[in-house]
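J.: First, the structure itself, so that you have it in front of you.
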Amino acid sequence: MNKTIIININGTVFHIEEDAYEVLKGYMSDVKRHFINSADSLEITTDIENRIAEMFNELLAHESRQVIIEQDVNIIIGQMGTVADFEKSEQETEESFTDTYYIGATRRLFRDPDDHLLGGVCAGIAKYFDINPVWIRLAFVLIIFAAGSGIILYLLLWAIIPKAVTRADRMAMRGEKRDLEGFRRNFEQEVAGVRDNFSNFKHEARPFIYKARDFTGDFAHHLGNFFGGAAKFLLKFIGVLILMTCFGFLVFFVVAFVALLSVGYFTPFHELPYEILKHHHANYIFVAGFVVAVIPIVCIIVLVFKGIFNVGSINRSTGASALVIWLCAVGVFVFNIVGIVSEFKSHASVVETVALKPVKNNTYYLKLNDLKYFTAQDSARLDIKSLSPNIKVADDDDNDFQSFKHRNIRLDIETSDSDQPALVESYHARGPFYEAALANARDIKYGFAQQDTVLRFDQRYYGKTDELWHDEEIDLTLKLPKNAKVVIDQNIGRIANFNINECIETNKMDPNKVSSATFVMTGNGMQCKVDTLVVDTIIRKHLPVDSSKIKVK
């Protein structure tokens with residue numbers, strides 16, 4: 001059982017054991033004796049007592065106790081520092097009193113009454129984050145001009161954030177340790193500040209013109225710092241955008257490279273002539289193209305990291321190796337592309353005229369052949385002869401590897417100079433030299449057949465098995481006698497050099513329900529045959545009431 005007494009520390013009442021009180025009393029006596037010769041001794045000792053009272057409250061609240069014991073007093077003295085240790089530190093050199101003494105001290109948010117334009121909110125926030133107050137003030141100005149809410153935010157913070165009244169509050173605001181050493185250093189800083197104010201009195205008393213000059217210089221300096229910081233931020237933002245773009249391209253090329261090597265096709269590159277590439281070491285071209293595209297992207301990524309974020313670097317040997325690899329890849333890529341281009345150096349053509357049989361009623365039906373053509377080798381390999389005569393193999397191979405074989409077929413219809421119908425077939429091809437181009441043109445196989453009044457055209461041509469494409473083209477010119485009637489199937493539109501749907505629309509027919517259009521050969525060429533009954537109905541519908549007198553021939 002210990003005796004307790006009640007003490008008052010600057011307005012705060014505590015219950016303390018008698019032994020603890022004696023220790024605390026002796027400690028405070030030593031503190032007052034040490035600062036008795038200071039001009040501001042009463043304020044310093046009051047601030048120290050307030051700090052001790054604050055620490056007692058925190059200790060009692062943490063341990064849920066009501067009475068201060070001797071152990072508590074010793075803990076507080078250990079944190080504040082003894083006067084003996086304090087006097088010993090004063091005798092050491094100034095190098096021991098660097099700002100590192102304050103590293104790790106906890107900062108508290110207060111309004112700064114010493115550095116304020118209005119309420120000290122901006123200066124207090126700057127002290128809390130240890131930055132220049134001008135940045136916080138500029139941020140509030142920008143918020144005011146941007147949305148006008150900066151004034152309301154400033155007033156709210158002015159009302160919420162407490163003002164740093166005591167020395168202990170100002171020390172907590174700056175993150176200084178609130179022990180004996182901290183109070184002494186703070187006091188010395190205030191004394192030094194007073195000396196600076198006296199030394200700057202002459203400067204403050206100068207004429208207004210000099211003050212305006214200095215203010216303009218300071219404003220320009222801070223404005224330059226602001227724009228410099230903004231430029232650095234913008235530069236890093238642009239760097240992030242460049243990195244995101246480069247990483248996107250890198251992923252794209254990696255996916256394309258894997259797809260081309262595995263399946264030999266990549267949908268975004270559907271315009272590539274895969275039929276040509278497969279005859280010229282396609283994998284070499286894909287690997288070389290991948291290296292040519294990826295190495296610059298990787299170099300840009302590394303340079304952006306180094307130049308903007310100061311992370312990573314490329315030494316001279318690595319850069320030289322990457323350059324050599326890139327140049328080799330460019331060489332391989334260019335060599336293969338030049339080899340492909342050389343296959344199309346010369347051009348040759350072969351023209352053949354096929355006489356057609358005249359038909360009764362002078363009416364011809366043009367249709368697209370939907371049966372697949374097989375060479376003798378393919379027929380033997382697939383054992384086509386074993387199929388039933390009623391089984392037909394349809395030619396519906398419209399993949400991208402074969403699409404150019406029907407895109408390069410063009411069919412025109414002209415009026416013949418005689419009564420003899422004929423089909424003029426012009427075959428065109430390219431090669432590394434004229435003889436090879438001529439041989440390629442002769443090797444073109446195209447299927448055409450006449451079955452009485454029906455003329456059937458294949459939708460693609462054929463060449464030698466597994467032969468390189470040499471830009472083969474076929475121009476078909478069907479010459480029919482004058483006044484001949486031509487019924488053209490819609491599917492012919494795949495190779496036709498004329499528009500069939502226009503004739504269907506002229507007769508006001510539904511293209512989804514009509515499969516053909518009828519034309520008549522005239523002296524000026526092929527003309528759409530118009531249904532006079534349909535046109536007469538349309539004219540009567542849109543003309544005045546007496547339009548019945550109008551006749552359509």
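If you're wondering about the labels, chains in the structure tokens are A, B, ... by order shown, residues count from 1 in each chain, ligands from 1 in order shown.
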Can you tell me, as a VMD selection string, which residues in segment 291-373 of chain A count as strand (DSSP E or B) by DSSP?
T.: chain A and resid 346 to 355 363 to 369 371
J.: For Gly239 of chain A, please output as a PyMOL selection string all residues within 12 Å (counting only C-alpha atoms; exclusion window: fewer than 2 positions along the same chain).
T.: chain A and resi 232-237+241-246+300-310
J.: Which of these, A:Trp135, A:Phe253, A:Tyr461, A:Phe498, has the shortest distance to Cys528 of chain A once you count only C-alpha atoms?
T.: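 Selected residue with least distance to Cys528 of chain A: A:Phe498.
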J.: Which is closer to Ile152 of chain A than all the others in A:Val487, A:Glu49, A:Phe140, A:Lys25, using only C-alpha atoms?
T.: A:Phe140
J.: A:Ser426, A:Thr353, A:Asn361, A:Asn74: which is nearest Val23 of chain A, counting only C-alpha atoms?
T.: A:Asn74
J.: For Val121 of chain A, please output as an MDAnalysis selection string all residues within 8 Å (counting only C-alpha atoms; exclusion window: fewer than 4 positions along the same chain).
T.: chainID A and resid 110:112 116 125 154 157:158 161
J.: Go through A:Lys367, A:Lys360, A:Lys3, A:Lys508 and flag the residue nearest Glu17 of chain A, using only C-alpha atoms for the distances.
T.: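 Comparing A:Lys367, A:Lys360, A:Lys3, A:Lys508 against Glu17 of chain A, the winner is A:Lys3.
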J.: What does the distance between atom CA of Asn512 of chain A and atom CA of Leu368 of chain A come to in Å, to one decimal place?
T.: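 Taking atom CA of Asn512 of chain A and atom CA of Leu368 of chain A, their separation equals 17.7 Å.
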J.: Return the single residue from A:Gly119, A:Ile325, A:His428, A:Arg51 that is closest to Val292 of chain A, with distances computed using only C-alpha atoms.
T.: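 Using only C-alpha atoms, Val292 of chain A sits closest to A:Ile325.
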J.: So which one's closest to Leu250 of chain A, A:Ala293, A:Ser262, A:Gly229, A:Val287? Using only C-alpha atoms, please.
T.: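 Result for the nearest residue to Leu250 of chain A: A:Ala293.
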J.: At what distance in Å, to one decimal, does atom CA of Leu277 of chain A lie from atom CA of His470 of chain A?
T.: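 Pair atom CA of His470 of chain A / atom CA of Leu277 of chain A returns 12.0 Å.
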J.: Please, what distance in Å, to one decimal, runs between atom CA of Leu371 of chain A and atom CA of Thr267 of chain A?
T.: 28.2 Å
J.: Determine, counting only C-alpha atoms, which protein, DNA and RNA residues have an atom within 10 Å of an atom of segment 328-330 of chain A; residues of the same chain fewer than 5 positions away are not included. Present the result as a PyMOL selection string.
T.: chain A and resi 284-285+287-293+322-323+335
J.: Residues near Ser346 of chain A, anyone? I mean within 9 Å using only C-alpha atoms, not counting same-chain ones fewer than 5 positions away, as a list in words.
T.: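 Contacts, with the query itself left out: Ala429, Arg430, Gly431, Pro432, Phe433, Tyr434, Glu435, Ala436 and Ala437 of chain A.
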